[in-house]
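Below: coords37.cif (mmCIF, C-alpha atoms and all ligand atoms)
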```cif
data_query
#
loop_
_atom_site.label_atom_id
_atom_site.label_comp_id
_atom_site.auth_asym_id
_atom_site.auth_seq_id
_atom_site.Cartn_x
_atom_site.Cartn_y
_atom_site.Cartn_z
CA MET A 160 1.87 -110.92 23.25
CA ILE A 161 -1.16 -110.90 20.95
CA ASN A 162 -4.39 -111.73 22.76
CA PRO A 163 -6.12 -114.48 20.70
CA TYR A 164 -9.56 -113.38 21.89
CA LYS A 165 -8.93 -109.88 20.51
CA SER A 166 -7.78 -111.50 17.24
CA ALA A 167 -10.91 -113.67 17.10
CA GLN A 168 -13.15 -110.64 17.71
CA GLU A 169 -11.30 -108.58 15.11
CA GLN A 170 -11.80 -111.37 12.57
CA LEU A 171 -15.53 -111.40 13.35
CA PHE A 172 -15.81 -107.59 13.02
CA ASN A 173 -13.99 -107.76 9.67
CA VAL A 174 -16.30 -110.41 8.27
CA GLY A 175 -19.23 -108.49 9.75
CA LYS A 176 -18.37 -105.62 7.41
CA ILE A 177 -18.09 -107.93 4.40
CA LEU A 178 -21.42 -109.63 5.15
CA LYS A 179 -23.05 -106.41 6.39
CA LEU A 180 -24.13 -108.21 9.56
CA GLU A 181 -26.69 -106.52 11.79
CA PRO A 182 -25.25 -105.25 15.08
CA ARG A 183 -27.43 -107.65 17.11
CA ILE A 184 -25.84 -110.64 15.33
CA ILE A 185 -22.33 -109.32 16.00
CA ASP A 186 -23.27 -108.63 19.62
CA LYS A 187 -24.49 -112.18 20.06
CA LEU A 188 -21.40 -113.73 18.47
CA LYS A 189 -18.61 -111.52 19.74
CA SER A 190 -18.43 -113.24 23.13
CA PRO A 191 -19.26 -116.73 24.41
CA LYS A 192 -22.78 -117.56 25.56
CA ASN A 193 -21.46 -119.19 28.77
CA ILE A 194 -18.10 -119.37 30.43
CA ILE A 195 -17.54 -121.85 33.25
CA LYS A 196 -14.56 -121.10 35.53
CA VAL A 197 -13.50 -123.48 38.25
CA ASP A 198 -10.64 -124.11 40.64
CA LEU A 199 -9.85 -127.82 40.60
CA LYS A 200 -8.36 -129.24 43.79
CA VAL A 201 -6.26 -132.24 42.86
CA LYS A 202 -4.28 -134.58 45.10
CA MET A 203 -0.69 -134.84 43.86
CA ASP A 204 1.47 -137.96 44.31
CA SER A 205 3.25 -136.21 47.18
CA GLY A 206 -0.05 -136.15 49.08
CA LYS A 207 -0.37 -132.36 48.76
CA ILE A 208 -3.47 -130.76 47.26
CA LYS A 209 -2.80 -128.46 44.31
CA THR A 210 -5.27 -126.02 42.77
CA PHE A 211 -5.59 -125.76 38.99
CA LYS A 212 -7.57 -123.07 37.19
CA ALA A 213 -9.85 -124.49 34.54
CA PHE A 214 -12.33 -123.15 32.00
CA ARG A 215 -15.03 -124.27 29.59
CA SER A 216 -16.18 -121.64 27.14
CA GLN A 217 -19.43 -122.31 25.25
CA HIS A 218 -19.50 -119.82 22.41
CA ASP A 219 -22.61 -120.46 20.34
CA ASP A 220 -25.15 -123.28 19.89
CA SER A 221 -27.38 -121.87 17.17
CA ARG A 222 -26.48 -124.69 14.75
CA GLY A 223 -26.35 -127.55 17.29
CA PRO A 224 -24.78 -128.61 20.60
CA PHE A 225 -21.54 -126.91 21.68
CA LYS A 226 -18.51 -128.89 20.51
CA GLY A 227 -14.79 -128.65 21.10
CA GLY A 228 -11.71 -130.05 22.76
CA ILE A 229 -10.04 -129.60 26.14
CA ARG A 230 -6.40 -128.54 26.35
CA PHE A 231 -3.94 -129.04 29.18
CA HIS A 232 -1.18 -126.43 28.89
CA PRO A 233 0.71 -124.00 31.14
CA ASN A 234 -0.14 -121.05 28.85
CA VAL A 235 -3.91 -121.57 28.87
CA THR A 236 -5.79 -118.37 29.67
CA GLU A 237 -9.46 -117.51 29.87
CA ASP A 238 -9.16 -115.36 26.74
CA GLU A 239 -7.40 -118.09 24.80
CA VAL A 240 -10.17 -120.56 25.63
CA LYS A 241 -12.81 -118.01 24.61
CA ALA A 242 -11.07 -117.42 21.26
CA LEU A 243 -10.72 -121.14 20.63
CA SER A 244 -14.42 -121.67 21.37
CA MET A 245 -15.36 -119.00 18.83
CA TRP A 246 -13.10 -120.64 16.23
CA MET A 247 -14.88 -123.96 16.89
CA THR A 248 -18.23 -122.35 16.01
CA TRP A 249 -16.84 -121.26 12.64
CA LYS A 250 -15.03 -124.57 12.11
CA CYS A 251 -18.17 -126.70 12.57
CA SER A 252 -20.10 -124.32 10.37
CA VAL A 253 -17.57 -124.14 7.52
CA VAL A 254 -17.63 -127.93 7.12
CA GLY A 255 -21.39 -128.06 7.67
CA ILE A 256 -21.56 -130.35 10.70
CA PRO A 257 -24.45 -129.72 13.12
CA TYR A 258 -22.63 -128.23 16.10
CA GLY A 259 -21.83 -124.94 17.70
CA GLY A 260 -18.48 -124.14 19.29
CA ALA A 261 -16.85 -124.65 22.68
CA LYS A 262 -13.41 -125.18 24.17
CA GLY A 263 -12.02 -126.19 27.52
CA GLY A 264 -8.65 -125.57 29.09
CA VAL A 265 -6.78 -126.32 32.28
CA ILE A 266 -3.68 -124.35 33.32
CA CYS A 267 -1.20 -127.12 34.08
CA ASN A 268 2.00 -128.65 32.78
CA PRO A 269 1.17 -132.27 31.99
CA LYS A 270 4.79 -132.89 30.96
CA LYS A 271 5.72 -132.47 34.62
CA MET A 272 2.88 -134.57 36.03
CA SER A 273 2.57 -138.32 36.56
CA GLN A 274 -0.13 -140.31 34.72
CA LYS A 275 -2.00 -140.73 38.02
CA GLU A 276 -1.96 -136.96 38.60
CA ILE A 277 -3.20 -136.33 35.06
CA GLU A 278 -5.96 -138.88 35.61
CA ARG A 279 -7.11 -137.19 38.84
CA LEU A 280 -7.03 -133.81 37.12
CA ALA A 281 -9.07 -135.10 34.14
CA ARG A 282 -11.68 -136.68 36.41
CA SER A 283 -11.93 -133.60 38.55
CA TYR A 284 -12.40 -131.38 35.47
CA ILE A 285 -15.28 -133.52 34.17
CA ARG A 286 -16.92 -133.58 37.60
CA ALA A 287 -16.78 -129.78 37.68
CA ILE A 288 -18.34 -129.26 34.24
CA SER A 289 -20.65 -132.32 34.22
CA PRO A 290 -23.92 -130.37 34.70
CA ASN A 291 -23.07 -128.37 31.58
CA ILE A 292 -22.18 -131.18 29.15
CA GLY A 293 -24.11 -133.99 27.43
CA PRO A 294 -24.80 -135.37 23.93
CA TRP A 295 -27.32 -132.63 23.09
CA LEU A 296 -25.71 -129.88 25.14
CA ASP A 297 -21.91 -129.78 24.87
CA VAL A 298 -19.58 -132.53 23.63
CA PRO A 299 -15.90 -132.24 24.70
CA ALA A 300 -12.97 -133.95 22.92
CA PRO A 301 -9.15 -133.94 22.91
CA ASP A 302 -7.03 -130.89 22.08
CA VAL A 303 -3.42 -129.91 22.87
CA ASN A 304 -1.87 -132.45 25.34
CA THR A 305 -5.04 -134.48 25.78
CA ASN A 306 -5.56 -137.88 24.15
CA PRO A 307 -7.83 -140.98 23.96
CA GLN A 308 -6.60 -142.25 27.37
CA ILE A 309 -7.60 -138.95 28.99
CA MET A 310 -10.99 -139.13 27.20
CA ALA A 311 -11.37 -142.68 28.60
CA TRP A 312 -10.94 -141.37 32.16
CA MET A 313 -13.32 -138.52 31.44
CA ILE A 314 -16.11 -140.68 29.99
CA ASP A 315 -15.68 -143.14 32.87
CA GLU A 316 -16.05 -140.31 35.37
CA TYR A 317 -19.08 -138.98 33.51
CA GLN A 318 -20.72 -142.43 33.51
CA LYS A 319 -20.09 -142.70 37.27
CA ILE A 320 -21.77 -139.35 37.81
CA GLN A 321 -24.77 -140.53 35.77
CA LYS A 322 -24.97 -143.64 37.95
CA GLU A 323 -24.86 -141.57 41.15
CA LYS A 324 -27.69 -139.38 39.82
CA ARG A 325 -29.77 -142.42 38.90
CA LYS A 326 -29.37 -143.77 42.41
CA SER A 327 -30.21 -140.55 44.17
CA LEU A 328 -33.25 -139.92 41.94
CA LYS A 329 -34.30 -143.60 41.88
CA TRP A 330 -34.61 -143.21 38.16
CA SER A 331 -33.17 -146.12 36.19
CA ASN A 332 -33.11 -144.52 32.75
CA LEU A 333 -31.71 -141.06 33.45
CA GLY A 334 -29.60 -139.52 30.75
CA VAL A 335 -29.48 -140.64 27.16
CA ASN A 336 -26.43 -142.59 26.11
CA PRO A 337 -23.63 -140.95 28.10
CA LEU A 338 -21.07 -142.36 25.60
CA ALA A 339 -21.97 -139.64 23.11
CA THR A 340 -20.98 -136.97 25.66
CA ILE A 341 -17.27 -137.13 24.83
CA THR A 342 -15.52 -137.89 21.53
CA GLY A 343 -11.96 -138.87 20.77
CA LYS A 344 -12.37 -141.95 22.98
CA PRO A 345 -10.34 -145.14 22.46
CA LEU A 346 -11.94 -147.65 20.06
CA GLU A 347 -12.66 -150.06 22.92
CA LEU A 348 -14.81 -147.44 24.66
CA GLY A 349 -16.93 -146.33 21.71
CA GLY A 350 -14.34 -144.36 19.76
CA SER A 351 -14.43 -144.17 15.97
CA GLN A 352 -12.10 -145.74 13.48
CA GLY A 353 -9.90 -143.07 11.95
CA ARG A 354 -10.22 -140.49 14.78
CA THR A 355 -6.51 -140.53 15.72
CA GLU A 356 -5.32 -139.51 12.25
CA ALA A 357 -8.44 -137.48 11.40
CA THR A 358 -7.02 -133.95 11.68
CA GLY A 359 -3.91 -134.85 9.67
CA GLN A 360 -6.01 -136.77 7.14
CA GLY A 361 -8.44 -133.87 6.75
CA GLY A 362 -5.44 -131.57 6.21
CA VAL A 363 -4.16 -133.89 3.48
CA PHE A 364 -7.56 -133.83 1.72
CA ILE A 365 -7.27 -130.03 1.79
CA LEU A 366 -3.71 -130.28 0.47
CA GLN A 367 -4.91 -132.41 -2.46
CA ASN A 368 -7.71 -129.98 -3.30
CA LEU A 369 -5.30 -127.08 -3.16
CA ALA A 370 -2.72 -128.91 -5.27
CA LYS A 371 -5.40 -129.46 -7.92
CA LYS A 372 -6.31 -125.77 -8.00
CA LEU A 373 -2.68 -124.62 -8.10
CA LYS A 374 -1.60 -127.45 -10.43
CA LEU A 375 1.08 -128.73 -8.03
CA LYS A 376 2.46 -132.23 -8.51
CA PRO A 377 3.17 -134.13 -5.26
CA LYS A 378 6.66 -135.29 -6.30
CA GLU A 379 7.69 -131.70 -7.08
CA THR A 380 6.09 -130.14 -4.01
CA THR A 381 8.12 -129.54 -0.86
CA ILE A 382 6.60 -129.19 2.60
CA ALA A 383 7.82 -128.02 6.04
CA VAL A 384 5.76 -128.96 9.11
CA GLN A 385 6.09 -127.17 12.47
CA GLY A 386 4.81 -129.43 15.24
CA PHE A 387 5.22 -133.19 15.46
CA GLY A 388 2.39 -134.10 17.80
CA ASN A 389 -0.55 -136.17 16.62
CA VAL A 390 -1.67 -133.62 14.00
CA GLY A 391 1.74 -132.75 12.50
CA TYR A 392 2.87 -136.36 12.44
CA TRP A 393 -0.21 -137.73 10.66
CA PHE A 394 -0.29 -134.90 8.16
CA ALA A 395 3.41 -135.42 7.31
CA LYS A 396 3.06 -139.19 7.12
CA LEU A 397 -0.03 -139.19 4.90
CA ALA A 398 1.41 -136.47 2.62
CA TYR A 399 4.67 -138.45 2.38
CA ASP A 400 2.67 -141.58 1.43
CA LEU A 401 1.22 -139.60 -1.49
CA GLY A 402 4.71 -138.66 -2.69
CA TYR A 403 5.06 -135.09 -1.31
CA LYS A 404 8.57 -134.15 -0.25
CA ILE A 405 8.82 -133.51 3.50
CA LYS A 406 11.81 -131.15 3.77
CA ALA A 407 11.62 -130.13 7.42
CA LEU A 408 9.93 -131.21 10.63
CA SER A 409 10.08 -129.85 14.17
CA ASP A 410 8.64 -130.23 17.65
CA SER A 411 8.86 -128.06 20.76
CA GLN A 412 12.50 -129.18 21.30
CA GLY A 413 13.69 -128.14 17.82
CA GLY A 414 13.67 -129.41 14.27
CA ILE A 415 15.46 -130.96 11.32
CA ILE A 416 15.86 -130.16 7.63
CA ILE A 417 17.27 -132.13 4.70
CA GLU A 418 18.76 -130.85 1.44
CA ASN A 419 17.60 -133.55 -0.99
CA GLY A 420 14.78 -136.06 -1.08
CA SER A 421 12.26 -136.39 1.71
CA LEU A 422 12.22 -137.16 5.40
CA ASN A 423 10.22 -140.29 6.18
CA PRO A 424 7.93 -139.23 9.07
CA GLU A 425 7.57 -142.80 10.35
CA GLU A 426 11.35 -143.13 10.71
CA VAL A 427 11.52 -139.70 12.36
CA LEU A 428 8.83 -140.70 14.85
CA GLU A 429 10.69 -143.88 15.71
CA PHE A 430 13.84 -141.81 16.26
CA LYS A 431 11.96 -139.31 18.44
CA GLN A 432 10.47 -142.09 20.55
CA LYS A 433 13.95 -143.49 21.20
CA ASN A 434 15.81 -140.21 21.71
CA GLY A 435 13.18 -137.82 23.02
CA SER A 436 13.79 -135.35 20.17
CA LEU A 437 14.02 -135.14 16.37
CA VAL A 438 17.36 -133.35 16.46
CA ASN A 439 20.35 -135.45 15.27
CA PHE A 440 18.18 -137.56 12.95
CA LYS A 441 20.58 -139.14 10.45
CA GLY A 442 21.38 -137.07 7.34
CA ALA A 443 19.45 -134.04 8.57
CA LYS A 444 20.64 -130.62 9.73
CA LYS A 445 19.36 -128.92 12.84
CA VAL A 446 16.85 -126.08 12.50
CA SER A 447 15.04 -124.09 15.19
CA ASN A 448 11.26 -123.75 15.27
CA GLU A 449 11.53 -120.09 14.22
CA GLU A 450 13.92 -120.89 11.35
CA LEU A 451 11.63 -123.63 10.09
CA LEU A 452 8.95 -121.02 9.39
CA GLU A 453 11.38 -119.12 7.18
CA ILE A 454 12.55 -122.00 4.99
CA LYS A 455 11.96 -121.81 1.26
CA VAL A 456 9.57 -124.67 0.49
CA ASP A 457 6.30 -124.76 -1.45
CA ILE A 458 3.99 -125.34 1.48
CA LEU A 459 4.40 -124.40 5.12
CA VAL A 460 2.28 -126.20 7.71
CA PRO A 461 2.16 -124.71 11.21
CA ALA A 462 0.76 -127.57 13.30
CA ALA A 463 1.59 -126.51 16.86
CA LEU A 464 0.31 -123.45 18.72
CA GLU A 465 -1.15 -119.96 18.19
CA ASN A 466 0.51 -116.76 16.97
CA VAL A 467 3.65 -118.29 15.45
CA ILE A 468 3.43 -115.99 12.42
CA ASP A 469 3.03 -112.38 13.45
CA LYS A 470 4.21 -109.00 12.27
CA SER A 471 7.76 -109.67 13.49
CA ASN A 472 8.42 -112.61 11.12
CA VAL A 473 5.73 -112.43 8.43
CA LYS A 474 8.03 -110.62 6.00
CA LYS A 475 10.56 -113.45 6.26
CA ILE A 476 8.08 -116.11 5.12
CA LYS A 477 9.26 -117.46 1.77
CA VAL A 478 6.51 -119.92 0.85
CA LYS A 479 3.61 -119.29 -1.53
CA THR A 480 1.14 -121.40 0.42
CA ILE A 481 0.38 -122.11 4.08
CA ILE A 482 -1.95 -124.79 5.44
CA GLU A 483 -2.90 -123.91 9.02
CA LEU A 484 -3.24 -127.10 11.03
CA ALA A 485 -2.76 -125.38 14.39
CA ASN A 486 -5.56 -123.21 15.71
CA GLY A 487 -4.81 -119.49 15.27
CA PRO A 488 -1.18 -119.70 14.06
CA ILE A 489 -1.37 -116.37 12.17
CA THR A 490 -2.25 -113.02 13.73
CA PRO A 491 -4.70 -110.68 11.91
CA GLN A 492 -1.88 -108.21 11.15
CA ALA A 493 0.23 -110.96 9.59
CA ASP A 494 -2.85 -112.14 7.66
CA LYS A 495 -3.07 -108.79 5.91
CA ILE A 496 0.61 -108.79 4.98
CA LEU A 497 0.46 -112.36 3.66
CA HIS A 498 -2.49 -111.38 1.47
CA GLN A 499 -0.67 -108.29 0.15
CA ARG A 500 2.31 -110.52 -0.68
CA GLY A 501 0.05 -112.95 -2.61
CA ILE A 502 0.63 -115.82 -0.18
CA ILE A 503 -2.39 -118.12 0.16
CA ASN A 504 -3.05 -119.41 3.67
CA ILE A 505 -5.75 -122.04 4.01
CA PRO A 506 -7.31 -121.05 7.34
CA ASP A 507 -7.33 -123.24 10.42
CA ILE A 508 -11.11 -123.45 10.64
CA LEU A 509 -11.12 -125.32 7.33
CA ALA A 510 -7.68 -126.96 7.22
CA ASN A 511 -7.88 -128.63 10.64
CA ALA A 512 -11.60 -129.44 10.66
CA GLY A 513 -10.95 -133.16 9.97
CA GLY A 514 -10.65 -133.84 13.71
CA VAL A 515 -13.99 -132.46 14.73
CA THR A 516 -15.61 -134.00 11.64
CA VAL A 517 -14.59 -137.51 12.72
CA SER A 518 -15.65 -136.54 16.25
CA TYR A 519 -19.06 -135.90 14.70
CA PHE A 520 -18.96 -139.38 13.13
CA GLU A 521 -18.07 -140.84 16.53
CA TRP A 522 -21.06 -139.08 18.12
CA VAL A 523 -23.38 -140.34 15.35
CA GLN A 524 -22.07 -143.90 15.79
CA ASN A 525 -22.50 -143.72 19.58
CA LEU A 526 -26.06 -142.45 19.23
CA GLN A 527 -27.06 -145.11 16.70
CA GLY A 528 -25.03 -147.91 18.30
CA TYR A 529 -23.75 -149.04 14.90
CA TYR A 530 -20.08 -148.65 14.01
CA TRP A 531 -18.43 -148.05 10.64
CA GLU A 532 -15.33 -149.56 9.09
CA LYS A 533 -12.29 -147.35 8.66
CA ASP A 534 -12.82 -147.04 4.89
CA GLU A 535 -16.31 -145.74 5.44
CA VAL A 536 -15.05 -143.09 7.88
CA GLY A 537 -12.32 -142.06 5.41
CA LYS A 538 -14.78 -141.78 2.52
CA LYS A 539 -17.26 -139.76 4.53
CA LEU A 540 -14.48 -137.44 5.76
CA LYS A 541 -13.26 -136.90 2.20
CA THR A 542 -16.77 -136.03 1.00
CA ILE A 543 -17.14 -133.37 3.72
CA MET A 544 -13.65 -131.88 3.30
CA ASP A 545 -13.87 -131.76 -0.52
CA LYS A 546 -17.26 -130.06 -0.43
CA ALA A 547 -16.15 -127.55 2.21
CA PHE A 548 -13.01 -126.76 0.21
CA GLU A 549 -15.03 -126.08 -2.98
CA GLU A 550 -17.47 -123.83 -1.11
CA PHE A 551 -14.57 -121.95 0.43
CA TRP A 552 -12.71 -121.63 -2.88
CA ASP A 553 -15.79 -120.31 -4.69
CA LYS A 554 -16.26 -117.69 -1.98
CA TYR A 555 -12.55 -116.77 -2.13
CA LYS A 556 -12.81 -116.20 -5.89
CA GLU A 557 -16.13 -114.36 -5.57
CA LEU A 558 -15.23 -111.94 -2.77
CA LYS A 559 -11.52 -111.49 -3.56
CA VAL A 560 -10.78 -111.12 0.15
CA ASN A 561 -8.03 -112.92 2.08
CA PRO A 562 -8.65 -116.68 2.44
CA ARG A 563 -9.52 -116.45 6.13
CA MET A 564 -12.25 -113.93 5.44
CA ALA A 565 -13.61 -116.13 2.63
CA ALA A 566 -13.88 -119.13 4.98
CA TYR A 567 -15.39 -116.88 7.67
CA ALA A 568 -17.91 -115.53 5.17
CA VAL A 569 -19.18 -119.08 4.50
CA ALA A 570 -19.17 -120.02 8.20
CA VAL A 571 -20.60 -116.86 9.76
CA GLU A 572 -23.33 -116.59 7.10
CA ARG A 573 -24.61 -120.06 8.09
CA VAL A 574 -24.59 -119.21 11.80
CA LYS A 575 -26.39 -115.94 11.04
CA LYS A 576 -29.07 -117.83 9.07
CA ALA A 577 -29.61 -120.22 12.00
CA ILE A 578 -29.97 -117.31 14.42
CA LYS A 579 -32.39 -115.51 12.12
CA LEU A 580 -34.54 -118.60 11.58
CA LYS A 581 -35.03 -118.73 15.34
CA SER A 582 -35.63 -115.00 15.84
CA SER A 583 -35.93 -112.84 12.75
N1 LIG B 1 -9.52 -130.09 19.35
C1 LIG B 1 -9.90 -130.32 17.98
C2 LIG B 1 -10.12 -129.01 17.27
O1 LIG B 1 -9.64 -127.98 17.67
C3 LIG B 1 -11.07 -131.29 17.85
C4 LIG B 1 -12.33 -130.88 18.51
C5 LIG B 1 -13.39 -131.97 18.57
O2 LIG B 1 -13.17 -133.06 18.09
O3 LIG B 1 -14.47 -131.66 19.12
O4 LIG B 1 -10.71 -128.96 16.21
#
```
Starting from the file, give its structure as structure tokens.
Ligand code: GLU
Amino acid sequence: MINPYKSAQEQLFNVGKILKLEPRIIDKLKSPKNIIKVDLKVKMDSGKIKTFKAFRSQHDDSRGPFKGGIRFHPNVTEDEVKALSMWMTWKCSVVGIPYGGAKGGVICNPKKMSQKEIERLARSYIRAISPNIGPWLDVPAPDVNTNPQIMAWMIDEYQKIQKEKRKSLKWSNLGVNPLATITGKPLELGGSQGRTEATGQGGVFILQNLAKKLKLKPKETTIAVQGFGNVGYWFAKLAYDLGYKIKALSDSQGGIIIENGSLNPEEVLEFKQKNGSLVNFKGAKKVSNEELLEIKVDILVPAALENVIDKSNVKKIKVKTIIELANGPITPQADKILHQRGIINIPDILANAGGVTVSYFEWVQNLQGYYWEKDEVGKKLKTIMDKAFEEFWDKYKELKVNPRMAAYAVAVERVKKAIKLKSS
């Protein structure tokens, strides 16, 4: 099993050579600034207390407060969370939003827990990391298996903690606007319009930019999406609305493929909600998650978990273009082979940055107390994604390195400048 933290460090060392980074900059960036590790004791419905290992990795805050989601997954490890926090630093930098990078994770299987158990776990996690988060310090958000409801419990817990502190310190105005401490909240609790679909929408803006560069026409362009959670679904739906042909879709249970025409993601979602899986969707053939990666389409979109394309299957990839909506879906070894084979992969830090960008809008709206219409959010997201894509593409053409290194060159250069401005 590839260790994502080793991959993340290798990527940094590689870009370090391209940018001729000083050793002190590499030393500062190669590991997180802080890592919080806690054992959460949570009461289960049976009455028993269960211990869950949990982490928050704060990688770098040179460009602004730490920012990044929290994932609930059985395969979470300390190294995975560290890697993901480093990727958040580059992600916020490549799209030019004023944050550093962080990530949280809890080792648990939410699919086997009741809603009440998940709520107690979420509240206990926030209590444990509460001294280390805040609007100007570290701003958590959703990630794999966490959603607006979980953010609602978390912000509620955080507000309770603020109240307790106010009481004990007899200080009525302690803590600035706790709402801006967590993003990805439901609309009713200070969330932003457009946050739910933001990562998929951002990915579609990237798709449109790429299609322009490669002269692809939507109606003649076929797409396969691995992962049918929030990100994969919204990407597929919004691409379908623009006329792209969705040939294959899958989730953790398996996938489907059609010969002619396009799958309609909305219909597939309805089917999944009724039947618990995509498999057996009318008119479609069954395909496994691994097979989906090897289908011959124009664009492949991994939108699930890390390391799905590695040296064992990279040679079987038949597409010309990959848009990485998952974090870390391609290992560094596979990256090299894709580049040698002339396959363009738009890296995760750019392709999936729509989510954190609308999180940034949510934070801004919370801090100013004035909320935008959905159109406004969409327009502002498009401006940021289009600009970031152009900057990335120029760098890719200039340096003639693989696309990930081009995006890293833009991102790491900005972080380096921030560090140097503080201590040259
Ligand atoms: N979890 C998302 C990501 O990996 C969003 C993070 C955020 O909104 O802070 O980009």
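If you look at atom CA of A:Arg279 and atom CA of A:Lys209, they are 11.2 Å away from each other.
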Practice item. Name each residue within 6 Å of ligand LIG 1 (chain B), counting all atoms listed in the file, as a list in words. Key: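 These are the residues that qualify: Lys226, Gly227, Gly228, Pro299, Ala300, Pro301, Asp302, Ala512, Gly514, Val515 and Ser518 of chain A.
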Could you list, as a tab-separated table (two decimals) with C-alpha atoms, in the frame of the given file, every residue within 6 Å of stretch 402-411 of chain A, counting all atoms listed in the file and ignoring same-chain residues fewer than 6 positions away?
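Below you can see part.tsv, which holds the result:
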```tsv
chain	number	residue	atom	x	y	z
A	377	PRO	CA	3.17	-134.13	-5.26
A	378	LYS	CA	6.66	-135.29	-6.30
A	380	THR	CA	6.09	-130.14	-4.01
A	381	THR	CA	8.12	-129.54	-0.86
A	382	ILE	CA	6.60	-129.19	2.60
A	383	ALA	CA	7.82	-128.02	6.04
A	384	VAL	CA	5.76	-128.96	9.11
A	385	GLN	CA	6.09	-127.17	12.47
A	386	GLY	CA	4.81	-129.43	15.24
A	387	PHE	CA	5.22	-133.19	15.46
A	417	ILE	CA	17.27	-132.13	4.70
A	421	SER	CA	12.26	-136.39	1.71
A	422	LEU	CA	12.22	-137.16	5.40
```
Point to revise | Cut-off 12 Å around (-16.7, -137.3, 17.4) with all atoms listed in the file: residues as number ranges by chain | key: A: 226-228, 251, 256-258, 294, 297-301, 307, 310, 338-346, 349-355, 357-358, 512-526, 536, 540
What does the file look like for those residues with C-alpha atoms, as a compact mmCIF listing (two decimals), keeping the file's coordinate frame?
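Dumped everything to selection.txt:
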```txt
# COMPACT_ATOMS: atom_id res chain seq x y z
CA LYS A 226 -18.51 -128.89 20.51
CA GLY A 227 -14.79 -128.65 21.10
CA GLY A 228 -11.71 -130.05 22.76
CA CYS A 251 -18.17 -126.70 12.57
CA ILE A 256 -21.56 -130.35 10.70
CA PRO A 257 -24.45 -129.72 13.12
CA TYR A 258 -22.63 -128.23 16.10
CA PRO A 294 -24.80 -135.37 23.93
CA ASP A 297 -21.91 -129.78 24.87
CA VAL A 298 -19.58 -132.53 23.63
CA PRO A 299 -15.90 -132.24 24.70
CA ALA A 300 -12.97 -133.95 22.92
CA PRO A 301 -9.15 -133.94 22.91
CA PRO A 307 -7.83 -140.98 23.96
CA MET A 310 -10.99 -139.13 27.20
CA LEU A 338 -21.07 -142.36 25.60
CA ALA A 339 -21.97 -139.64 23.11
CA THR A 340 -20.98 -136.97 25.66
CA ILE A 341 -17.27 -137.13 24.83
CA THR A 342 -15.52 -137.89 21.53
CA GLY A 343 -11.96 -138.87 20.77
CA LYS A 344 -12.37 -141.95 22.98
CA PRO A 345 -10.34 -145.14 22.46
CA LEU A 346 -11.94 -147.65 20.06
CA GLY A 349 -16.93 -146.33 21.71
CA GLY A 350 -14.34 -144.36 19.76
CA SER A 351 -14.43 -144.17 15.97
CA GLN A 352 -12.10 -145.74 13.48
CA GLY A 353 -9.90 -143.07 11.95
CA ARG A 354 -10.22 -140.49 14.78
CA THR A 355 -6.51 -140.53 15.72
CA ALA A 357 -8.44 -137.48 11.40
CA THR A 358 -7.02 -133.95 11.68
CA ALA A 512 -11.60 -129.44 10.66
CA GLY A 513 -10.95 -133.16 9.97
CA GLY A 514 -10.65 -133.84 13.71
CA VAL A 515 -13.99 -132.46 14.73
CA THR A 516 -15.61 -134.00 11.64
CA VAL A 517 -14.59 -137.51 12.72
CA SER A 518 -15.65 -136.54 16.25
CA TYR A 519 -19.06 -135.90 14.70
CA PHE A 520 -18.96 -139.38 13.13
CA GLU A 521 -18.07 -140.84 16.53
CA TRP A 522 -21.06 -139.08 18.12
CA VAL A 523 -23.38 -140.34 15.35
CA GLN A 524 -22.07 -143.90 15.79
CA ASN A 525 -22.50 -143.72 19.58
CA LEU A 526 -26.06 -142.45 19.23
CA VAL A 536 -15.05 -143.09 7.88
CA LEU A 540 -14.48 -137.44 5.76
```
Check your understanding: Which polymer residues have any atom within 10 Å of an atom of stretch 312-325 of chain A, counting all atoms listed in the file, with same-chain residues fewer than 2 positions away left out, as a ChimeraX atom specification?
Key -> /A:277-286,288-290,292-293,299-300,307-310,327-342,344,348
Review point. Restricting the calculation to all atoms listed in the file, which member of A:Lys202, A:Lys371, A:Lys326, A:Lys196 is positioned closest to A:Ile266?
Key: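 Closest to A:Ile266, using all atoms listed in the file: A:Lys196.
When atom CA of A:Phe551 is paired with atom CA of A:Lys477, their separation reads 24.3 Å.
With atom CA of A:Glu465 on one side and atom CA of A:Arg500 on the other, the separation reads 21.4 Å.
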When you look at A:Val446 with a cut-off of 8 Å (counting all atoms listed in the file), what residues show up, excluding the ones that are within fewer than 3 positions of it in the same chain? I need them as a PDB file with C-alpha atoms, in the coordinates of the input.
```pdb
ATOM      1  CA  SER A 409      10.080-129.850  14.170  1.00  0.00           C
ATOM      2  CA  GLY A 413      13.690-128.140  17.820  1.00  0.00           C
ATOM      3  CA  GLY A 414      13.670-129.410  14.270  1.00  0.00           C
ATOM      4  CA  ILE A 415      15.460-130.960  11.320  1.00  0.00           C
ATOM      5  CA  ILE A 416      15.860-130.160   7.630  1.00  0.00           C
ATOM      6  CA  GLU A 450      13.920-120.890  11.350  1.00  0.00           C
ATOM      7  CA  LEU A 451      11.630-123.630  10.090  1.00  0.00           C
TER       8      LEU A 451
END
```
Exercise for review: For each of A:Lys479, A:Lys262, A:Lys176, A:Lys192, take the minimum atom-to-atom distance to A:Ala213, counting all atoms listed in the file, then give the residue where this is smallest.
Suggested key: A:Lys262
Point to revise | Distance query stretch 571-581 of chain A at most 9 Å, only C-alpha atoms, self and fewer than 6 positions along chain excluded, as a PyMOL selection string | key: chain A and resi 171+174-175+178+180+184+219+221-222+248-249+252-253+255+259
